[in-house]
Structures are given as C-alpha cells and as structure tokens.
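Structure file upload-v8.cif (mmCIF, C-alpha atoms; chains and numbers go by the auth columns) is printed below.
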```cif
data_run
#
loop_
_atom_site.group_PDB
_atom_site.id
_atom_site.type_symbol
_atom_site.label_atom_id
_atom_site.label_comp_id
_atom_site.label_asym_id
_atom_site.label_seq_id
_atom_site.Cartn_x
_atom_site.Cartn_y
_atom_site.Cartn_z
_atom_site.B_iso_or_equiv
_atom_site.auth_seq_id
_atom_site.auth_asym_id
ATOM 1 C CA MET A 1 169.412 49.143 92.040 0.00 1 N
ATOM 2 C CA ASN A 2 169.214 45.930 89.991 0.00 2 N
ATOM 3 C CA LYS A 3 166.737 46.635 87.198 0.00 3 N
ATOM 4 C CA LYS A 4 166.666 42.963 86.210 0.00 4 N
ATOM 5 C CA ALA A 5 164.300 42.400 89.160 0.00 5 N
ATOM 6 C CA MET A 6 161.562 43.622 86.810 0.00 6 N
ATOM 7 C CA TYR A 7 162.087 40.481 84.721 0.00 7 N
ATOM 8 C CA ASN A 8 160.808 38.403 87.656 0.00 8 N
ATOM 9 C CA LEU A 9 157.364 39.978 87.542 0.00 9 N
ATOM 10 C CA SER A 10 154.928 37.355 86.273 0.00 10 N
ATOM 11 C CA TYR A 11 153.056 38.491 83.194 0.00 11 N
ATOM 12 C CA GLY A 12 151.920 37.092 79.887 0.00 12 N
ATOM 13 C CA LEU A 13 152.560 37.924 76.253 0.00 13 N
ATOM 14 C CA PHE A 14 149.921 38.973 73.754 0.00 14 N
ATOM 15 C CA VAL A 15 149.396 40.004 70.147 0.00 15 N
ATOM 16 C CA LEU A 16 147.338 43.189 70.125 0.00 16 N
ATOM 17 C CA THR A 17 145.452 43.794 66.866 0.00 17 N
ATOM 18 C CA ALA A 18 143.443 46.680 65.455 0.00 18 N
ATOM 19 C CA HIS A 19 141.657 47.620 62.209 0.00 19 N
ATOM 20 C CA GLN A 20 141.194 51.043 60.653 0.00 20 N
ATOM 21 C CA ASP A 21 140.176 52.178 57.173 0.00 21 N
ATOM 22 C CA GLY A 22 140.655 48.735 55.659 0.00 22 N
ATOM 23 C CA LYS A 23 144.086 48.174 57.232 0.00 23 N
ATOM 24 C CA ASP A 24 144.918 45.493 59.816 0.00 24 N
ATOM 25 C CA ASN A 25 147.878 45.704 62.164 0.00 25 N
ATOM 26 C CA GLY A 26 149.233 44.071 65.299 0.00 26 N
ATOM 27 C CA CYS A 27 152.046 44.291 67.823 0.00 27 N
ATOM 28 C CA ILE A 28 153.403 42.346 70.793 0.00 28 N
ATOM 29 C CA ILE A 29 152.523 43.613 74.272 0.00 29 N
ATOM 30 C CA ASN A 30 152.987 42.254 77.789 0.00 30 N
ATOM 31 C CA THR A 31 150.552 44.517 79.604 0.00 31 N
ATOM 32 C CA ALA A 32 147.065 43.028 79.205 0.00 32 N
ATOM 33 C CA GLY A 33 145.085 42.120 82.299 0.00 33 N
ATOM 34 C CA GLN A 34 141.592 41.953 83.745 0.00 34 N
ATOM 35 C CA VAL A 35 140.715 44.905 85.972 0.00 35 N
ATOM 36 C CA THR A 36 137.052 44.190 86.841 0.00 36 N
ATOM 37 C CA SER A 37 134.775 41.188 86.403 0.00 37 N
ATOM 38 C CA THR A 38 131.374 42.875 86.797 0.00 38 N
ATOM 39 C CA PRO A 39 131.290 44.485 84.304 0.00 39 N
ATOM 40 C CA ASN A 40 134.097 42.607 82.588 0.00 40 N
ATOM 41 C CA ARG A 41 136.927 45.026 81.756 0.00 41 N
ATOM 42 C CA ILE A 42 140.549 44.651 80.737 0.00 42 N
ATOM 43 C CA SER A 43 143.441 47.089 80.494 0.00 43 N
ATOM 44 C CA ILE A 44 146.296 47.333 78.012 0.00 44 N
ATOM 45 C CA ALA A 45 149.264 49.712 77.964 0.00 45 N
ATOM 46 C CA VAL A 46 150.548 50.478 74.464 0.00 46 N
ATOM 47 C CA ASN A 47 153.651 52.357 73.362 0.00 47 N
ATOM 48 C CA LYS A 48 152.723 55.507 71.441 0.00 48 N
ATOM 49 C CA GLN A 49 155.353 54.691 68.795 0.00 49 N
ATOM 50 C CA ASN A 50 153.304 51.693 67.653 0.00 50 N
ATOM 51 C CA LEU A 51 150.885 52.114 64.758 0.00 51 N
ATOM 52 C CA THR A 52 148.484 49.800 66.612 0.00 52 N
ATOM 53 C CA HIS A 53 148.291 52.447 69.360 0.00 53 N
ATOM 54 C CA ASP A 54 147.124 55.102 66.902 0.00 54 N
ATOM 55 C CA MET A 55 144.569 52.761 65.342 0.00 55 N
ATOM 56 C CA ILE A 56 143.059 51.902 68.731 0.00 56 N
ATOM 57 C CA LYS A 57 143.021 55.576 69.696 0.00 57 N
ATOM 58 C CA ALA A 58 141.066 56.351 66.525 0.00 58 N
ATOM 59 C CA THR A 59 138.642 53.404 66.480 0.00 59 N
ATOM 60 C CA GLY A 60 138.285 52.415 70.146 0.00 60 N
ATOM 61 C CA LYS A 61 138.347 48.710 69.258 0.00 61 N
ATOM 62 C CA PHE A 62 140.969 45.983 69.553 0.00 62 N
ATOM 63 C CA ASN A 63 141.561 42.281 70.037 0.00 63 N
ATOM 64 C CA VAL A 64 144.046 40.600 72.355 0.00 64 N
ATOM 65 C CA SER A 65 145.333 37.176 71.262 0.00 65 N
ATOM 66 C CA ILE A 66 146.874 35.356 74.236 0.00 66 N
ATOM 67 C CA ILE A 67 150.190 33.781 73.216 0.00 67 N
ATOM 68 C CA SER A 68 150.609 30.150 74.268 0.00 68 N
ATOM 69 C CA GLN A 69 153.607 27.928 74.907 0.00 69 N
ATOM 70 C CA ALA A 70 153.103 26.518 71.392 0.00 70 N
ATOM 71 C CA ALA A 71 154.180 29.839 69.854 0.00 71 N
ATOM 72 C CA GLU A 72 157.275 29.897 67.667 0.00 72 N
ATOM 73 C CA TYR A 73 159.877 32.643 67.583 0.00 73 N
ATOM 74 C CA GLU A 74 158.645 33.625 64.114 0.00 74 N
ATOM 75 C CA LEU A 75 155.492 35.059 65.685 0.00 75 N
ATOM 76 C CA PHE A 76 157.557 37.440 67.832 0.00 76 N
ATOM 77 C CA GLN A 77 159.767 38.422 64.916 0.00 77 N
ATOM 78 C CA HIS A 78 156.749 39.073 62.705 0.00 78 N
ATOM 79 C CA PHE A 79 154.626 41.122 65.106 0.00 79 N
ATOM 80 C CA GLY A 80 157.299 42.482 67.444 0.00 80 N
ATOM 81 C CA PHE A 81 160.439 43.259 65.469 0.00 81 N
ATOM 82 C CA GLN A 82 159.040 45.213 62.516 0.00 82 N
ATOM 83 C CA SER A 83 156.795 48.239 62.227 0.00 83 N
ATOM 84 C CA GLY A 84 153.343 48.287 60.713 0.00 84 N
ATOM 85 C CA ARG A 85 154.224 51.739 59.396 0.00 85 N
ATOM 86 C CA ASN A 86 156.656 50.062 56.998 0.00 86 N
ATOM 87 C CA VAL A 87 155.085 46.658 56.273 0.00 87 N
ATOM 88 C CA ASP A 88 151.647 45.067 56.191 0.00 88 N
ATOM 89 C CA LYS A 89 152.033 42.534 59.006 0.00 89 N
ATOM 90 C CA LEU A 90 148.858 40.649 58.118 0.00 90 N
ATOM 91 C CA ASP A 91 149.645 40.348 54.415 0.00 91 N
ATOM 92 C CA GLY A 92 150.256 36.648 53.825 0.00 92 N
ATOM 93 C CA TRP A 93 149.803 35.759 57.500 0.00 93 N
ATOM 94 C CA VAL A 94 147.271 32.952 57.125 0.00 94 N
ATOM 95 C CA TYR A 95 146.879 32.140 60.820 0.00 95 N
ATOM 96 C CA ALA A 96 144.229 34.763 61.524 0.00 96 N
ATOM 97 C CA GLN A 97 140.461 35.188 61.482 0.00 97 N
ATOM 98 C CA ARG A 98 138.220 38.227 61.742 0.00 98 N
ATOM 99 C CA ALA A 99 136.119 38.547 64.882 0.00 99 N
ATOM 100 C CA ALA A 100 132.624 40.005 65.140 0.00 100 N
ATOM 101 C CA ASN A 101 134.095 43.459 65.910 0.00 101 N
ATOM 102 C CA GLY A 102 135.850 43.504 62.516 0.00 102 N
ATOM 103 C CA VAL A 103 139.338 43.091 63.997 0.00 103 N
ATOM 104 C CA VAL A 104 141.482 40.025 63.279 0.00 104 N
ATOM 105 C CA TYR A 105 142.789 37.669 65.943 0.00 105 N
ATOM 106 C CA LEU A 106 145.513 35.062 65.621 0.00 106 N
ATOM 107 C CA THR A 107 144.772 31.333 65.373 0.00 107 N
ATOM 108 C CA LYS A 108 148.258 29.798 65.719 0.00 108 N
ATOM 109 C CA GLY A 109 150.539 30.060 68.736 0.00 109 N
ATOM 110 C CA VAL A 110 147.714 31.454 70.846 0.00 110 N
ATOM 111 C CA ASN A 111 145.119 29.830 73.102 0.00 111 N
ATOM 112 C CA SER A 112 142.398 32.497 73.369 0.00 112 N
ATOM 113 C CA TYR A 113 141.322 35.885 72.136 0.00 113 N
ATOM 114 C CA ILE A 114 139.413 38.780 73.690 0.00 114 N
ATOM 115 C CA SER A 115 137.576 41.546 71.838 0.00 115 N
ATOM 116 C CA ALA A 116 137.171 44.850 73.662 0.00 116 N
ATOM 117 C CA THR A 117 135.930 48.420 73.255 0.00 117 N
ATOM 118 C CA VAL A 118 137.790 51.315 74.862 0.00 118 N
ATOM 119 C CA GLU A 119 135.992 53.138 77.673 0.00 119 N
ATOM 120 C CA GLN A 120 138.862 55.269 78.958 0.00 120 N
ATOM 121 C CA ALA A 121 142.348 56.276 77.801 0.00 121 N
ATOM 122 C CA ILE A 122 144.973 57.483 80.274 0.00 122 N
ATOM 123 C CA ASP A 123 148.134 59.245 79.068 0.00 123 N
ATOM 124 C CA LEU A 124 151.220 57.695 80.699 0.00 124 N
ATOM 125 C CA GLY A 125 153.836 59.632 78.762 0.00 125 N
ATOM 126 C CA SER A 126 155.497 57.023 76.540 0.00 126 N
ATOM 127 C CA HIS A 127 152.390 54.788 76.649 0.00 127 N
ATOM 128 C CA THR A 128 148.617 55.058 76.755 0.00 128 N
ATOM 129 C CA LEU A 129 146.674 52.923 79.217 0.00 129 N
ATOM 130 C CA PHE A 130 143.384 51.813 77.662 0.00 130 N
ATOM 131 C CA ILE A 131 140.565 50.588 79.920 0.00 131 N
ATOM 132 C CA ALA A 132 138.136 48.584 77.813 0.00 132 N
ATOM 133 C CA ALA A 133 134.887 46.659 78.085 0.00 133 N
ATOM 134 C CA VAL A 134 135.032 43.018 76.966 0.00 134 N
ATOM 135 C CA GLU A 135 132.624 42.453 74.075 0.00 135 N
ATOM 136 C CA ASP A 136 133.497 38.894 73.038 0.00 136 N
ATOM 137 C CA MET A 137 136.061 36.148 73.756 0.00 137 N
ATOM 138 C CA ASP A 138 136.784 32.517 73.044 0.00 138 N
ATOM 139 C CA VAL A 139 139.181 29.728 73.964 0.00 139 N
ATOM 140 C CA LEU A 140 140.967 28.265 70.938 0.00 140 N
ATOM 141 C CA ASP A 141 142.914 25.438 72.595 0.00 141 N
ATOM 142 C CA ASP A 142 144.130 24.284 76.007 0.00 142 N
ATOM 143 C CA THR A 143 147.866 24.943 75.599 0.00 143 N
ATOM 144 C CA PRO A 144 149.110 26.914 78.639 0.00 144 N
ATOM 145 C CA SER A 145 149.787 30.620 78.210 0.00 145 N
ATOM 146 C CA ALA A 146 153.381 31.719 77.653 0.00 146 N
ATOM 147 C CA THR A 147 154.773 33.986 80.344 0.00 147 N
ATOM 148 C CA TYR A 148 157.639 36.374 79.685 0.00 148 N
ATOM 149 C CA ALA A 149 159.906 34.027 81.646 0.00 149 N
ATOM 150 C CA TYR A 150 158.815 31.085 79.475 0.00 150 N
ATOM 151 C CA TYR A 151 159.569 33.115 76.353 0.00 151 N
ATOM 152 C CA GLN A 152 163.057 33.933 77.610 0.00 152 N
ATOM 153 C CA SER A 153 163.822 30.321 78.555 0.00 153 N
ATOM 154 C CA ASN A 154 162.093 28.296 75.838 0.00 154 N
ATOM 155 C CA ILE A 155 161.152 30.366 72.771 0.00 155 N
ATOM 156 C CA LYS A 156 163.750 33.103 72.339 0.00 156 N
ATOM 157 C CA PRO A 157 166.953 31.789 70.698 0.00 157 N
ATOM 158 C CA LYS A 158 170.086 32.095 72.788 0.00 158 N
ATOM 159 C CA PRO A 159 172.374 34.453 70.847 0.00 159 N
ATOM 160 C CA ALA A 160 176.063 33.702 70.786 0.00 160 N
ATOM 161 C CA LYS A 161 178.104 36.370 72.518 0.00 161 N
ATOM 162 C CA PRO A 162 180.042 38.202 69.828 0.00 162 N
ATOM 163 C CA ALA A 163 183.683 39.028 70.341 0.00 163 N
ATOM 164 C CA ALA A 164 184.098 42.784 70.625 0.00 164 N
ATOM 165 C CA PRO A 165 186.651 44.147 68.146 0.00 165 N
ATOM 166 C CA ALA A 166 189.747 45.694 69.712 0.00 166 N
ATOM 167 C CA GLY A 167 189.033 49.152 71.034 0.00 167 N
ATOM 168 C CA LYS A 168 185.252 48.770 70.870 0.00 168 N
ATOM 169 C CA THR A 169 182.598 48.145 73.486 0.00 169 N
ATOM 170 C CA MET A 170 179.403 46.353 72.487 0.00 170 N
ATOM 171 C CA TRP A 171 175.976 46.442 74.131 0.00 171 N
ATOM 172 C CA ARG A 172 173.372 43.735 73.434 0.00 172 N
ATOM 173 C CA CYS A 173 169.607 44.144 73.780 0.00 173 N
ATOM 174 C CA THR A 174 168.429 41.460 76.195 0.00 174 N
ATOM 175 C CA VAL A 175 165.041 41.368 74.461 0.00 175 N
ATOM 176 C CA CYS A 176 165.893 40.896 70.769 0.00 176 N
ATOM 177 C CA GLY A 177 169.692 40.594 70.631 0.00 177 N
ATOM 178 C CA TYR A 178 170.416 43.810 68.692 0.00 178 N
ATOM 179 C CA ILE A 179 174.050 44.951 69.081 0.00 179 N
ATOM 180 C CA TYR A 180 175.073 48.582 69.697 0.00 180 N
ATOM 181 C CA GLU A 181 178.751 49.463 69.321 0.00 181 N
ATOM 182 C CA GLY A 182 180.255 52.262 71.380 0.00 182 N
ATOM 183 C CA ASP A 183 180.765 53.416 74.932 0.00 183 N
ATOM 184 C CA PRO A 184 178.908 54.698 76.713 0.00 184 N
ATOM 185 C CA LEU A 185 175.478 53.532 75.605 0.00 185 N
ATOM 186 C CA PRO A 186 173.348 56.707 75.520 0.00 186 N
ATOM 187 C CA ALA A 187 170.871 56.799 78.414 0.00 187 N
ATOM 188 C CA ASP A 188 168.020 57.668 76.029 0.00 188 N
ATOM 189 C CA PHE A 189 168.907 54.995 73.468 0.00 189 N
ATOM 190 C CA ILE A 190 165.961 53.010 72.088 0.00 190 N
ATOM 191 C CA CYS A 191 166.505 49.651 70.396 0.00 191 N
ATOM 192 C CA PRO A 192 165.693 50.127 66.694 0.00 192 N
ATOM 193 C CA ILE A 193 164.362 46.565 66.449 0.00 193 N
ATOM 194 C CA CYS A 194 162.154 45.988 69.516 0.00 194 N
ATOM 195 C CA LYS A 195 161.891 49.576 70.855 0.00 195 N
ATOM 196 C CA HIS A 196 163.148 48.690 74.351 0.00 196 N
ATOM 197 C CA PRO A 197 165.136 51.348 76.275 0.00 197 N
ATOM 198 C CA ALA A 198 168.808 51.477 77.255 0.00 198 N
ATOM 199 C CA GLN A 199 168.227 49.760 80.596 0.00 199 N
ATOM 200 C CA ASP A 200 167.391 46.557 78.704 0.00 200 N
ATOM 201 C CA PHE A 201 170.903 46.402 77.197 0.00 201 N
ATOM 202 C CA GLU A 202 173.857 44.532 78.672 0.00 202 N
ATOM 203 C CA LYS A 203 177.553 45.130 78.052 0.00 203 N
ATOM 204 C CA VAL A 204 179.209 42.301 76.116 0.00 204 N
ATOM 205 C CA GLN A 205 182.584 41.450 77.600 0.00 205 N
#
```
Output the file's structure as structure tokens, nothing else.
Amino acid sequence: MNKKAMYNLSYGLFVLTAHQDGKDNGCIINTAGQVTSTPNRISIAVNKQNLTHDMIKATGKFNVSIISQAAEYELFQHFGFQSGRNVDKLDGWVYAQRAANGVVYLTKGVNSYISATVEQAIDLGSHTLFIAAVEDMDVLDDTPSATYAYYQSNIKPKPAKPAAPAGKTMWRCTVCGYIYEGDPLPADFICPICKHPAQDFEKVQ
C-alpha cells in the first residue's frame, strides 16, 4: 500500500483560531469543509493535542481563515510548528483582526474567513470532528486558495538531503523536514515539530 496516495487528495489549508478567558490561539488544519448549505454548516477535524482543540471544546466558537497562494512559509512556521501551550502565537502578530464572535481571524496570507458555532462534536480518537453553524464570513481578497499540493510545490522550502553519518539511518518528516536518527523509526513516532505520524516520514539514503 502506497500511503503517499493520500497526498493527492485535493484539500485546502486553514488557520483555525479560538478565544478563551482572554487568550487567543490558532493552529494550521487541512480539514475544513462545507457540509450543508441550508442551513449553512461547516466541519473541522482537530487534533486533540492542539490547545485550539481544547478552547473550541470549551467555548463552542471558532474562526477559519482560508490560506491563499499569497501566504509565506512564516505563517506555517508560526501557527503550525509551535504550540500555543508554550507560546502566545498572537502576541506581536499584527496581521489579525477580531470578528464579531470575539475570535481573531488573519488578514495576511488568507483570502476569506468564516465564523462558526459548534452544534455537534464527534470523537474520532486522535481528533474531534466539530460540526458548526456558520455565523459570519467575509472575502478579504481574490487571491486563489492554497491547496496542500500548492503548499508542497510553491511555499514549503525544499530541504537539502543531509548525508547520514556512518552507521546511522535518518528519517525526514515530509511535512516539516524534521530529522529522526535511528533505525527502525518507531511505528508510533510523532513528529515533535508538526505532530505528524511515522507514516509521513521518509528514509534518507
């Protein structure tokens, strides 16, 4: 089975934001989509390890900022490769405004935002699937949305393949480029940077 076939699924990239007890936070997701139009509902699947997940679970409110092809890699590093449990991701991030629901949305590297209120939460094990009613939305500019394939080809830097030291095997995360040394790569290994599982690592020859 070639697990890389999953990379050919067409889906977008989004910054998911939440607000709780005076704190703002956000993370990168690729699982937002419309599920009904009348009434207008969207779904998001969020990893339970993310602080944003816990904030949405507690408040029932979130915003989805739709990442555009104008996004820079810095956006992904800022919201995807560090944890809101350790840093305040919105501190000093000037490209954001607060929507009517009290949650911030991004204003740079995105083309639209959607505000939603959770109606149903479904436990999927590692993730929670939130079904939410759309409360507000707006188009910020007409730059096309960035798909995951576009991110891989045009935004994500191409890391140089490191030379493995003698007697060592190296595994590289295909999402963020993190290097794990050792063989075999544990089946339950989780990338400490982007939280992707072992199947998203490739052996560096």
Which residues come within 9 Å of range 61-78 of chain N, counting all atoms listed in the file, excluding same-chain residues fewer than 5 positions away, as an mmCIF file with C-alpha atoms, in the coordinates of the input?
```
data_model
loop_
_atom_site.group_PDB
_atom_site.id
_atom_site.type_symbol
_atom_site.label_atom_id
_atom_site.label_comp_id
_atom_site.auth_asym_id
_atom_site.auth_seq_id
_atom_site.Cartn_x
_atom_site.Cartn_y
_atom_site.Cartn_z
ATOM 1 C CA GLY N 12 151.920 37.092 79.887
ATOM 2 C CA LEU N 13 152.560 37.924 76.253
ATOM 3 C CA PHE N 14 149.921 38.973 73.754
ATOM 4 C CA VAL N 15 149.396 40.004 70.147
ATOM 5 C CA LEU N 16 147.338 43.189 70.125
ATOM 6 C CA THR N 17 145.452 43.794 66.866
ATOM 7 C CA ALA N 18 143.443 46.680 65.455
ATOM 8 C CA HIS N 19 141.657 47.620 62.209
ATOM 9 C CA CYS N 27 152.046 44.291 67.823
ATOM 10 C CA ILE N 28 153.403 42.346 70.793
ATOM 11 C CA ALA N 32 147.065 43.028 79.205
ATOM 12 C CA THR N 52 148.484 49.800 66.612
ATOM 13 C CA MET N 55 144.569 52.761 65.342
ATOM 14 C CA ILE N 56 143.059 51.902 68.731
ATOM 15 C CA LYS N 89 152.033 42.534 59.006
ATOM 16 C CA ALA N 99 136.119 38.547 64.882
ATOM 17 C CA ASN N 101 134.095 43.459 65.910
ATOM 18 C CA GLY N 102 135.850 43.504 62.516
ATOM 19 C CA VAL N 103 139.338 43.091 63.997
ATOM 20 C CA VAL N 104 141.482 40.025 63.279
ATOM 21 C CA TYR N 105 142.789 37.669 65.943
ATOM 22 C CA LEU N 106 145.513 35.062 65.621
ATOM 23 C CA THR N 107 144.772 31.333 65.373
ATOM 24 C CA LYS N 108 148.258 29.798 65.719
ATOM 25 C CA GLY N 109 150.539 30.060 68.736
ATOM 26 C CA VAL N 110 147.714 31.454 70.846
ATOM 27 C CA ASN N 111 145.119 29.830 73.102
ATOM 28 C CA SER N 112 142.398 32.497 73.369
ATOM 29 C CA TYR N 113 141.322 35.885 72.136
ATOM 30 C CA ILE N 114 139.413 38.780 73.690
ATOM 31 C CA SER N 115 137.576 41.546 71.838
ATOM 32 C CA ALA N 116 137.171 44.850 73.662
ATOM 33 C CA THR N 117 135.930 48.420 73.255
ATOM 34 C CA VAL N 118 137.790 51.315 74.862
ATOM 35 C CA ALA N 132 138.136 48.584 77.813
ATOM 36 C CA ASP N 142 144.130 24.284 76.007
ATOM 37 C CA THR N 143 147.866 24.943 75.599
ATOM 38 C CA PRO N 144 149.110 26.914 78.639
ATOM 39 C CA SER N 145 149.787 30.620 78.210
ATOM 40 C CA ALA N 146 153.381 31.719 77.653
ATOM 41 C CA THR N 147 154.773 33.986 80.344
ATOM 42 C CA TYR N 150 158.815 31.085 79.475
ATOM 43 C CA TYR N 151 159.569 33.115 76.353
ATOM 44 C CA ASN N 154 162.093 28.296 75.838
ATOM 45 C CA ILE N 155 161.152 30.366 72.771
ATOM 46 C CA LYS N 156 163.750 33.103 72.339
ATOM 47 C CA PRO N 157 166.953 31.789 70.698
ATOM 48 C CA CYS N 176 165.893 40.896 70.769
#
```
Do you know which residues the PyMOL selection byres ((chain N and resi 85) around 12) returns on this file, as a tab-separated table (two decimals) with C-alpha atoms, keeping the file's coordinate frame?
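The result, written out as part-v8.tsv:
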```tsv
chain	number	residue	atom	x	y	z
N	23	LYS	CA	144.09	48.17	57.23
N	24	ASP	CA	144.92	45.49	59.82
N	25	ASN	CA	147.88	45.70	62.16
N	26	GLY	CA	149.23	44.07	65.30
N	27	CYS	CA	152.05	44.29	67.82
N	49	GLN	CA	155.35	54.69	68.80
N	50	ASN	CA	153.30	51.69	67.65
N	51	LEU	CA	150.88	52.11	64.76
N	52	THR	CA	148.48	49.80	66.61
N	53	HIS	CA	148.29	52.45	69.36
N	54	ASP	CA	147.12	55.10	66.90
N	55	MET	CA	144.57	52.76	65.34
N	82	GLN	CA	159.04	45.21	62.52
N	83	SER	CA	156.79	48.24	62.23
N	84	GLY	CA	153.34	48.29	60.71
N	86	ASN	CA	156.66	50.06	57.00
N	87	VAL	CA	155.08	46.66	56.27
N	88	ASP	CA	151.65	45.07	56.19
N	89	LYS	CA	152.03	42.53	59.01
```
> Between N:Trp171, N:Phe189, N:Tyr148, N:Tyr95, which one has atoms that come closest to Leu9 in chain N, using all atoms listed in the file?
Replying inline: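 Nearest to Leu9 in chain N: N:Tyr148.
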> Between CA of Val175 in chain N and CA of Lys3 in chain N, what is the spacing in Å?
Replying inline: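 Separating CA of Lys3 in chain N from CA of Val175 in chain N is a distance of 13.9 Å.
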> Between N:Ala96, N:His196, N:Tyr11, N:Lys48, which is the closest to Ala149 in chain N once you count all atoms listed in the file?
Replying inline: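 Selected residue with least distance to Ala149 in chain N: N:Tyr11.
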> Which distance in Å separates CA of Ile42 in chain N and CA of Gln152 in chain N, to one decimal?
Replying inline: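 So the answer is 25.1 Å.
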